[in-house]
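Structure file final-v1.tsv with TSV, C-alpha atoms:
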```tsv
chain	number	residue	atom	x	y	z
A	1	MET	CA	117.10	89.18	107.23
A	2	ASP	CA	119.50	88.03	104.54
A	3	LEU	CA	120.77	84.48	105.11
A	4	PHE	CA	124.46	85.33	104.76
A	5	GLU	CA	124.12	88.35	107.02
A	6	ALA	CA	122.43	86.23	109.70
A	7	MET	CA	125.15	83.56	109.57
A	8	LYS	CA	127.93	86.14	109.64
A	9	GLU	CA	126.53	88.43	112.33
A	10	ARG	CA	125.02	86.04	114.89
A	11	ARG	CA	127.10	86.01	118.06
A	12	SER	CA	127.02	84.10	121.34
A	13	VAL	CA	125.01	86.28	123.73
A	14	ARG	CA	125.23	85.74	127.49
A	15	ARG	CA	123.59	88.93	128.82
A	16	PHE	CA	119.90	89.57	128.41
A	17	THR	CA	117.25	92.11	129.29
A	18	ALA	CA	114.25	90.94	131.30
A	19	ASP	CA	111.91	91.47	128.32
A	20	PRO	CA	109.68	88.45	127.87
A	21	ILE	CA	109.55	86.55	124.58
A	22	GLY	CA	106.22	86.53	122.82
A	23	ASP	CA	104.63	83.20	121.96
A	24	GLY	CA	104.61	84.12	118.28
A	25	ASP	CA	108.35	84.74	118.14
A	26	LEU	CA	109.09	81.61	120.16
A	27	GLU	CA	106.98	79.59	117.76
A	28	ARG	CA	108.80	81.02	114.73
A	29	ILE	CA	112.15	80.15	116.30
A	30	LEU	CA	111.16	76.57	117.11
A	31	LYS	CA	109.47	76.05	113.75
A	32	ALA	CA	112.66	77.22	112.04
A	33	GLY	CA	114.43	74.47	113.99
A	34	CYS	CA	111.91	71.95	112.67
A	35	ASP	CA	112.64	73.03	109.09
A	36	ALA	CA	116.07	71.41	109.43
A	37	PRO	CA	116.63	68.09	107.71
A	38	SER	CA	117.23	64.97	109.81
A	39	TRP	CA	118.24	61.35	109.42
A	40	ALA	CA	115.52	59.75	107.26
A	41	ASN	CA	113.29	62.59	108.49
A	42	THR	CA	113.25	61.05	111.99
A	43	GLN	CA	113.15	64.53	113.61
A	44	CYS	CA	114.43	63.17	116.92
A	45	TRP	CA	114.56	66.63	118.50
A	46	GLU	CA	112.61	67.15	121.73
A	47	VAL	CA	112.41	70.52	123.45
A	48	VAL	CA	111.55	71.83	126.90
A	49	VAL	CA	110.83	75.57	127.07
A	50	VAL	CA	111.70	76.79	130.56
A	51	ARG	CA	110.49	80.19	131.75
A	52	ASP	CA	110.04	79.48	135.47
A	53	PRO	CA	112.75	81.39	137.39
A	54	ALA	CA	113.20	78.62	139.95
A	55	THR	CA	113.78	76.03	137.21
A	56	ARG	CA	116.20	78.35	135.43
A	57	ALA	CA	118.07	78.87	138.67
A	58	ALA	CA	118.24	75.12	139.24
A	59	LEU	CA	119.48	74.55	135.68
A	60	SER	CA	122.11	77.26	136.10
A	61	GLU	CA	123.55	75.31	139.03
A	62	THR	CA	124.31	72.40	136.71
A	63	LEU	CA	127.06	74.64	135.26
A	64	SER	CA	130.34	75.15	137.09
A	65	GLU	CA	130.78	78.42	138.98
A	66	HIS	CA	133.43	79.50	136.48
A	67	ASN	CA	131.26	79.01	133.40
A	68	PRO	CA	130.46	82.42	131.86
A	69	ALA	CA	127.08	81.06	130.72
A	70	ARG	CA	125.92	80.30	134.27
A	71	ASP	CA	124.26	83.67	134.74
A	72	ALA	CA	122.83	83.50	131.22
A	73	VAL	CA	120.88	80.35	132.10
A	74	LYS	CA	119.68	81.97	135.31
A	75	ASN	CA	118.73	85.35	133.84
A	76	ALA	CA	117.49	84.78	130.30
A	77	PRO	CA	113.70	84.99	130.10
A	78	VAL	CA	113.63	81.62	128.32
A	79	VAL	CA	115.93	78.61	128.38
A	80	ILE	CA	115.45	76.06	125.62
A	81	VAL	CA	116.46	72.62	126.87
A	82	ALA	CA	117.37	70.87	123.62
A	83	CYS	CA	117.13	67.09	123.74
A	84	GLY	CA	117.22	64.16	121.35
A	85	ARG	CA	115.18	60.97	121.35
A	86	LYS	CA	117.66	58.10	121.57
A	87	ARG	CA	118.04	55.27	119.05
A	88	ALA	CA	116.13	56.99	116.22
A	89	SER	CA	118.63	59.00	114.15
A	90	GLY	CA	121.13	56.64	112.53
A	91	PHE	CA	119.12	53.57	113.57
A	92	LYS	CA	117.08	51.06	111.60
A	93	LYS	CA	114.97	48.37	113.24
A	94	GLY	CA	116.61	49.17	116.56
A	95	GLU	CA	120.17	48.77	115.30
A	96	ALA	CA	122.80	51.44	114.64
A	97	THR	CA	123.53	51.56	110.91
A	98	THR	CA	126.94	53.28	111.05
A	99	VAL	CA	130.08	53.20	113.18
A	100	LEU	CA	129.02	56.59	114.51
A	101	GLY	CA	126.14	55.07	116.48
A	102	ASP	CA	123.42	57.50	117.51
A	103	TRP	CA	123.24	60.58	115.27
A	104	LEU	CA	121.05	62.52	117.73
A	105	MET	CA	123.83	65.03	118.42
A	106	PHE	CA	124.08	65.74	114.71
A	107	ASP	CA	120.35	66.25	114.16
A	108	VAL	CA	119.84	68.30	117.31
A	109	ALA	CA	122.66	70.56	116.09
A	110	LEU	CA	120.93	71.04	112.70
A	111	PHE	CA	117.77	72.00	114.58
A	112	LEU	CA	119.62	74.44	116.83
A	113	GLN	CA	121.58	76.09	114.05
A	114	ASN	CA	118.30	76.98	112.36
A	115	ALA	CA	116.65	78.04	115.63
A	116	THR	CA	119.54	80.25	116.75
A	117	LEU	CA	119.79	81.92	113.32
A	118	ALA	CA	116.04	82.56	113.42
A	119	ALA	CA	116.35	84.04	116.91
A	120	HIS	CA	119.07	86.38	115.70
A	121	ALA	CA	116.96	87.52	112.74
A	122	LEU	CA	114.12	88.34	115.16
A	123	GLY	CA	116.41	90.39	117.39
A	124	TYR	CA	117.11	87.80	120.10
A	125	GLY	CA	120.40	86.51	121.41
A	126	THR	CA	121.30	82.91	122.19
A	127	VAL	CA	124.30	80.94	123.37
A	128	HIS	CA	125.05	77.23	123.01
A	129	VAL	CA	125.64	75.74	126.46
A	130	GLY	CA	126.99	72.21	126.30
A	131	LEU	CA	129.19	72.10	129.40
A	132	PHE	CA	127.00	71.21	132.38
A	133	ASP	CA	125.90	68.21	134.42
A	134	HIS	CA	123.62	66.54	131.89
A	135	ALA	CA	122.24	64.00	134.34
A	136	ALA	CA	121.29	66.71	136.83
A	137	ALA	CA	119.62	68.79	134.12
A	138	ALA	CA	117.69	65.71	132.95
A	139	ARG	CA	116.38	65.21	136.49
A	140	ILE	CA	115.33	68.87	136.76
A	141	VAL	CA	113.23	68.75	133.59
A	142	GLY	CA	112.07	65.17	134.18
A	143	ALA	CA	113.58	63.79	130.97
A	144	PRO	CA	112.72	60.12	130.49
A	145	ASP	CA	115.49	57.56	129.89
A	146	THR	CA	114.57	57.49	126.20
A	147	VAL	CA	115.65	61.11	125.77
A	148	GLN	CA	119.15	62.64	125.96
A	149	VAL	CA	119.53	66.23	127.16
A	150	VAL	CA	122.09	67.83	124.82
A	151	GLU	CA	122.18	71.60	125.35
A	152	LEU	CA	120.75	74.50	127.32
A	153	VAL	CA	120.11	77.52	125.10
A	154	PRO	CA	119.33	80.78	126.93
A	155	LEU	CA	117.24	83.09	124.75
A	156	GLY	CA	116.35	86.74	125.17
A	157	ARG	CA	116.90	90.32	124.05
A	158	PRO	CA	120.65	91.09	124.17
A	159	SER	CA	121.85	93.50	126.85
A	160	GLY	CA	125.13	95.41	126.77
A	161	PRO	CA	127.63	95.74	123.92
A	162	ALA	CA	127.57	93.23	121.07
A	163	PRO	CA	130.21	90.53	121.54
A	164	LYS	CA	133.11	90.58	119.09
A	165	ALA	CA	133.39	87.95	116.39
A	166	PRO	CA	135.84	85.24	117.47
A	167	PRO	CA	138.58	84.54	114.92
A	168	ARG	CA	138.02	81.81	112.34
A	169	ARG	CA	140.55	79.38	110.88
A	170	PRO	CA	141.48	80.36	107.32
A	171	LEU	CA	139.76	78.23	104.70
A	172	ALA	CA	143.11	77.03	103.33
A	173	GLU	CA	143.84	75.36	106.67
A	174	LEU	CA	140.67	73.26	106.84
A	175	VAL	CA	139.96	72.52	103.17
A	176	ARG	CA	141.99	70.21	100.97
A	177	TYR	CA	141.24	68.98	97.48
A	178	GLU	CA	140.70	65.36	96.42
A	179	ARG	CA	142.39	63.85	99.53
A	180	PHE	CA	144.29	64.49	102.74
A	181	ARG	CA	148.00	65.04	102.22
A	182	ASP	CA	150.66	63.30	104.31
B	1	MET	CA	117.91	85.22	100.04
B	2	ASP	CA	115.79	85.67	103.14
B	3	LEU	CA	116.89	83.46	106.04
B	4	PHE	CA	113.44	82.02	106.76
B	5	GLU	CA	112.82	81.34	103.08
B	6	ALA	CA	116.14	79.49	102.78
B	7	MET	CA	115.40	77.31	105.83
B	8	LYS	CA	111.86	76.57	104.67
B	9	GLU	CA	112.61	75.90	101.00
B	10	ARG	CA	115.88	73.96	101.06
B	11	ARG	CA	115.29	70.33	100.08
B	12	SER	CA	117.44	67.21	99.81
B	13	VAL	CA	118.60	67.09	96.19
B	14	ARG	CA	119.93	63.85	94.69
B	15	ARG	CA	119.93	64.67	90.95
B	16	PHE	CA	122.35	67.18	89.49
B	17	THR	CA	123.35	68.68	86.18
B	18	ALA	CA	126.97	68.34	85.08
B	19	ASP	CA	127.53	72.10	85.46
B	20	PRO	CA	130.75	72.73	87.37
B	21	ILE	CA	130.80	74.81	90.55
B	22	GLY	CA	132.83	77.97	90.42
B	23	ASP	CA	135.59	78.47	92.97
B	24	GLY	CA	133.92	81.67	94.18
B	25	ASP	CA	130.63	79.96	94.98
B	26	LEU	CA	132.37	77.00	96.62
B	27	GLU	CA	134.34	79.41	98.78
B	28	ARG	CA	131.17	81.25	99.84
B	29	ILE	CA	129.54	77.93	100.78
B	30	LEU	CA	132.49	76.73	102.85
B	31	LYS	CA	133.00	80.12	104.47
B	32	ALA	CA	129.35	80.12	105.48
B	33	GLY	CA	130.05	76.80	107.20
B	34	CYS	CA	132.94	78.41	109.05
B	35	ASP	CA	130.65	81.16	110.33
B	36	ALA	CA	128.95	78.57	112.53
B	37	PRO	CA	129.73	78.58	116.23
B	38	SER	CA	131.61	75.65	117.77
B	39	TRP	CA	132.64	74.32	121.15
B	40	ALA	CA	134.92	76.97	122.66
B	41	ASN	CA	135.54	78.08	119.06
B	42	THR	CA	137.52	74.87	118.43
B	43	GLN	CA	136.25	74.72	114.81
B	44	CYS	CA	137.06	71.01	114.54
B	45	TRP	CA	135.61	70.78	111.02
B	46	GLU	CA	137.89	69.43	108.29
B	47	VAL	CA	136.80	69.23	104.67
B	48	VAL	CA	137.87	67.37	101.55
B	49	VAL	CA	136.49	68.78	98.28
B	50	VAL	CA	136.27	65.95	95.76
B	51	ARG	CA	135.79	66.70	92.07
B	52	ASP	CA	137.71	63.81	90.51
B	53	PRO	CA	135.20	61.41	88.88
B	54	ALA	CA	137.16	58.32	89.86
B	55	THR	CA	137.21	59.36	93.52
B	56	ARG	CA	133.50	60.19	93.41
B	57	ALA	CA	132.80	56.78	91.90
B	58	ALA	CA	134.86	55.09	94.61
B	59	LEU	CA	133.06	57.05	97.32
B	60	SER	CA	129.67	56.14	95.82
B	61	GLU	CA	130.55	52.48	96.28
B	62	THR	CA	130.78	53.00	100.02
B	63	LEU	CA	126.95	53.36	99.92
B	64	SER	CA	124.71	50.31	99.61
B	65	GLU	CA	123.23	49.60	96.20
B	66	HIS	CA	119.78	50.48	97.51
B	67	ASN	CA	120.74	53.91	98.82
B	68	PRO	CA	119.05	56.60	96.68
B	69	ALA	CA	122.04	58.89	97.26
B	70	ARG	CA	124.50	56.47	95.63
B	71	ASP	CA	124.14	58.03	92.20
B	72	ALA	CA	124.21	61.51	93.72
B	73	VAL	CA	127.70	60.90	95.10
B	74	LYS	CA	128.81	59.52	91.75
B	75	ASN	CA	127.25	62.21	89.57
B	76	ALA	CA	127.38	65.49	91.48
B	77	PRO	CA	130.18	67.74	90.19
B	78	VAL	CA	131.46	68.16	93.75
B	79	VAL	CA	131.29	65.95	96.84
B	80	ILE	CA	132.15	67.59	100.13
B	81	VAL	CA	133.60	65.01	102.52
B	82	ALA	CA	132.79	66.54	105.91
B	83	CYS	CA	135.04	65.41	108.74
B	84	GLY	CA	135.77	66.34	112.33
B	85	ARG	CA	139.08	66.46	114.19
B	86	LYS	CA	138.74	64.06	117.12
B	87	ARG	CA	139.17	64.98	120.80
B	88	ALA	CA	138.81	68.75	120.31
B	89	SER	CA	135.11	69.67	120.64
B	90	GLY	CA	133.92	68.87	124.15
B	91	PHE	CA	137.45	68.19	125.37
B	92	LYS	CA	139.75	70.06	127.72
B	93	LYS	CA	143.37	69.07	128.31
B	94	GLY	CA	142.75	65.81	126.44
B	95	GLU	CA	139.77	64.77	128.57
B	96	ALA	CA	136.08	64.72	127.66
B	97	THR	CA	134.24	67.29	129.76
B	98	THR	CA	130.70	65.88	129.44
B	99	VAL	CA	128.99	62.49	129.40
B	100	LEU	CA	128.42	63.05	125.69
B	101	GLY	CA	132.12	62.58	124.92
B	102	ASP	CA	133.28	63.98	121.59
B	103	TRP	CA	131.05	66.79	120.29
B	104	LEU	CA	132.50	66.64	116.77
B	105	MET	CA	129.21	65.35	115.31
B	106	PHE	CA	127.44	68.36	116.80
B	107	ASP	CA	129.89	70.94	115.48
B	108	VAL	CA	130.21	69.38	112.03
B	109	ALA	CA	126.40	69.52	111.82
B	110	LEU	CA	126.40	73.25	112.67
B	111	PHE	CA	128.96	73.78	109.90
B	112	LEU	CA	126.94	71.75	107.39
B	113	GLN	CA	123.63	73.41	108.19
B	114	ASN	CA	125.18	76.77	107.31
B	115	ALA	CA	126.94	75.41	104.24
B	116	THR	CA	123.85	73.65	102.84
B	117	LEU	CA	121.67	76.73	103.41
B	118	ALA	CA	124.28	78.86	101.65
B	119	ALA	CA	124.38	76.41	98.74
B	120	HIS	CA	120.60	76.63	98.42
B	121	ALA	CA	120.69	80.42	98.41
B	122	LEU	CA	123.24	80.31	95.58
B	123	GLY	CA	121.07	77.95	93.52
B	124	TYR	CA	122.79	74.66	94.36
B	125	GLY	CA	121.32	71.46	95.74
B	126	THR	CA	122.81	69.25	98.45
B	127	VAL	CA	121.90	66.12	100.34
B	128	HIS	CA	123.19	64.84	103.68
B	129	VAL	CA	124.64	61.37	103.23
B	130	GLY	CA	125.42	59.68	106.52
B	131	LEU	CA	124.77	56.02	105.71
B	132	PHE	CA	127.92	54.59	104.12
B	133	ASP	CA	131.03	52.67	105.06
B	134	HIS	CA	132.89	55.36	106.96
B	135	ALA	CA	136.13	53.38	107.23
B	136	ALA	CA	136.20	52.77	103.48
B	137	ALA	CA	135.52	56.44	102.74
B	138	ALA	CA	138.30	57.44	105.15
B	139	ARG	CA	140.75	55.21	103.26
B	140	ILE	CA	139.68	56.69	99.90
B	141	VAL	CA	140.37	60.27	100.99
B	142	GLY	CA	143.38	59.33	103.12
B	143	ALA	CA	141.91	60.63	106.38
B	144	PRO	CA	144.39	60.32	109.24
B	145	ASP	CA	143.41	58.52	112.47
B	146	THR	CA	142.98	61.89	114.16
B	147	VAL	CA	140.05	62.76	111.90
B	148	GLN	CA	136.56	61.21	111.71
B	149	VAL	CA	134.73	61.17	108.38
B	150	VAL	CA	131.12	62.14	109.18
B	151	GLU	CA	129.21	62.83	105.96
B	152	LEU	CA	129.40	62.94	102.20
B	153	VAL	CA	127.56	65.96	100.77
B	154	PRO	CA	127.02	65.94	97.00
B	155	LEU	CA	126.71	69.48	95.65
B	156	GLY	CA	125.57	70.75	92.25
B	157	ARG	CA	122.86	72.44	90.23
B	158	PRO	CA	119.57	70.57	90.77
B	159	SER	CA	118.22	68.56	87.85
B	160	GLY	CA	114.62	67.46	87.45
B	161	PRO	CA	111.57	68.47	89.48
B	162	ALA	CA	112.04	69.96	92.94
B	163	PRO	CA	111.58	67.33	95.67
B	164	LYS	CA	108.50	67.72	97.87
B	165	ALA	CA	108.82	68.89	101.44
B	166	PRO	CA	108.71	65.90	103.81
B	167	PRO	CA	106.13	66.23	106.58
B	168	ARG	CA	107.19	67.70	109.89
B	169	ARG	CA	106.04	66.74	113.40
B	170	PRO	CA	103.64	69.35	114.80
B	171	LEU	CA	105.27	71.67	117.30
B	172	ALA	CA	102.87	70.59	120.05
B	173	GLU	CA	104.28	67.06	119.84
B	174	LEU	CA	107.92	67.97	120.37
B	175	VAL	CA	107.69	71.01	122.66
B	176	ARG	CA	106.63	70.94	126.29
B	177	TYR	CA	106.76	73.71	128.88
B	178	GLU	CA	108.78	73.72	132.11
B	179	ARG	CA	109.25	69.92	132.20
B	180	PHE	CA	108.46	66.56	130.62
B	181	ARG	CA	105.09	65.14	131.69
B	182	ASP	CA	104.64	61.56	132.76
```

How does this structure look as structure tokens?
Amino acid sequence: MDLFEAMKERRSVRRFTADPIGDGDLERILKAGCDAPSWANTQCWEVVVVRDPATRAALSETLSEHNPARDAVKNAPVVIVACGRKRASGFKKGEATTVLGDWLMFDVALFLQNATLAAHALGYGTVHVGLFDHAAAARIVGAPDTVQVVELVPLGRPSGPAPKAPPRRPLAELVRYERFRD
Amino acid sequence: MDLFEAMKERRSVRRFTADPIGDGDLERILKAGCDAPSWANTQCWEVVVVRDPATRAALSETLSEHNPARDAVKNAPVVIVACGRKRASGFKKGEATTVLGDWLMFDVALFLQNATLAAHALGYGTVHVGLFDHAAAARIVGAPDTVQVVELVPLGRPSGPAPKAPPRRPLAELVRYERFRD
């Protein structure tokens, strides 16, 4: 698929068929994530692939009842639990090198943008789920203290009508030239 | 360009020709960034496009003398100063909704992954620069307190031989199934 088409057309998908995801496709999606750059090539991303329905159900209960992604986590054939190894990205000799501290959120996002675009190109839907009880999810997947759970990403064949594109801010509103104006 | 090819072939580029970047290409690159998803579609990304040589030189001095990207910031025809509006992504009614606090680093990374892939597809090189004096850079571009400077991204036609692909961790090292193992 054309790069610009993939970026333009990928939507957040929260309804999935029960079709399983082949190992080959899953590998292509995760390898696309790994193609992303990272801080000094630290590649702090760590992933748990969850297929077990009981684990998916448990993870879905870390979302509030009103979260529209709750059923997506429960019903998608695969949930990617995207994590970052702490104190690697943005660190040197154990010390943060910038005022922004740990850059794991940044690098995990680069990984996931690639992975979710790859999923779209292969005919799968995904949604970024960031609003849940991170500590509870970490317990469910047995994440060690050295690893931060960042997102749950349900993955599967889309079911139902394609979601509409949400509106975007016009470029003129978010871009300025040379410096911010008062 | 094919999506998978773009993700696989894009490299960090630190040497540029003096060729200017047309407004049309720059717009395509920034619009590709805007196609990225964001927390509740908050789109907290804010961008300063710097072409002025004096400003680029000043920004380059916010990097240490040993940073191989220092000359890239000085010499690239364009430097994108990528920022995030604070207390939007991950927030609701002024309060952080997760233990991860402000998700601006995450959303700015989604934006930049799209933008840097788009640049590559259009024949431009980019490099993520995260290691610099963020407070000094914010003063140079006049960023208000409500905005966090995250990265400097030099952008231009690549000069010299193509950089080699850095090694990637094997998938088996970073992916586990169902849960972390002890």

Of the candidates B:Gly101, B:Pro154, B:Pro20, B:Gly142, which shows the shortest atom-to-atom distance to chain A, using only C-alpha atoms?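 Among the listed residues, the smallest separation from chain A belongs to B:Gly142.
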
Go through B:Ala57, B:Val150, B:Ile21, B:Leu122 one by one, measure the shortest atom-to-atom distance of each to A:Leu100 using all atoms listed in the file, and give the residue with the smallest value.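 Answer, going by the shortest atom-to-atom distance: B:Val150.
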
Once chain B is fitted onto chain A over all Cα atoms in order, please give the RMSD.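 Chain A versus chain B: RMSD of 0.0 Å.
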
Top pick for closest residue to B:Cys44, considering A:Glu173, A:Glu27, A:Glu95, A:Glu178 and counting only C-alpha atoms: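 So, comparing all the options, the nearest one is A:Glu173.
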
Please provide as number ranges by chain all residues within 12 Å of B:Lys31, with the sequence filter that same-chain residues fewer than 5 positions apart are discarded (counting all atoms listed in the file). A: 4, 7-8, 168-172, 174-175; B: 23-26, 36, 45, 47, 111-112, 114-119

Return the padded bounding box of stretch 34-42 of chain B as AutoDock Vina command-line options: axis-aligned, built from all atoms listed in the file, 6 Å added on each side, with centre and edge lengths in Å to one decimal.
```
--center_x 133.2 --center_y 77.7 --center_z 115.9 --size_x 20.6 --size_y 18.8 --size_z 25.6
```

Check: which chain B residues lie within 6 Å of chain A using all atoms listed in the file, as a PyMOL selection string: chain B and resi 1-3+8+35+46-50+105-106+109-110+113+141-143+174-180

For B:Asp71, which residue among B:His120, B:Ala58, B:Ala136, B:Lys92 is the nearest when counting only C-alpha atoms?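 Smallest separation from B:Asp71 among the options: B:Ala58.
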
Which value, in Å to one decimal, gives the distance between atom CA of B:Asp19 and atom CA of B:Gly84?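 Atom-to-atom, atom CA of B:Asp19 to atom CA of B:Gly84, that is 28.7 Å.
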
Work out how far apart atom CA of A:Arg14 and atom CA of A:Thr62 are and give it in Å to one decimal.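 Computed distance, atom CA of A:Arg14 to atom CA of A:Thr62, equals 16.2 Å.
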
Between atom CA of B:Gly156 and atom CA of B:Pro77, distance in Å (one decimal):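 Going from atom CA of B:Gly156 over to atom CA of B:Pro77 covers 5.9 Å.
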
So which residues touch B:Val13 within 7 Å, counting all atoms listed in the file, skipping near sequence neighbours fewer than 3 positions away, as JSON, numbers by chain? {"B": [125, 126, 127, 158]}
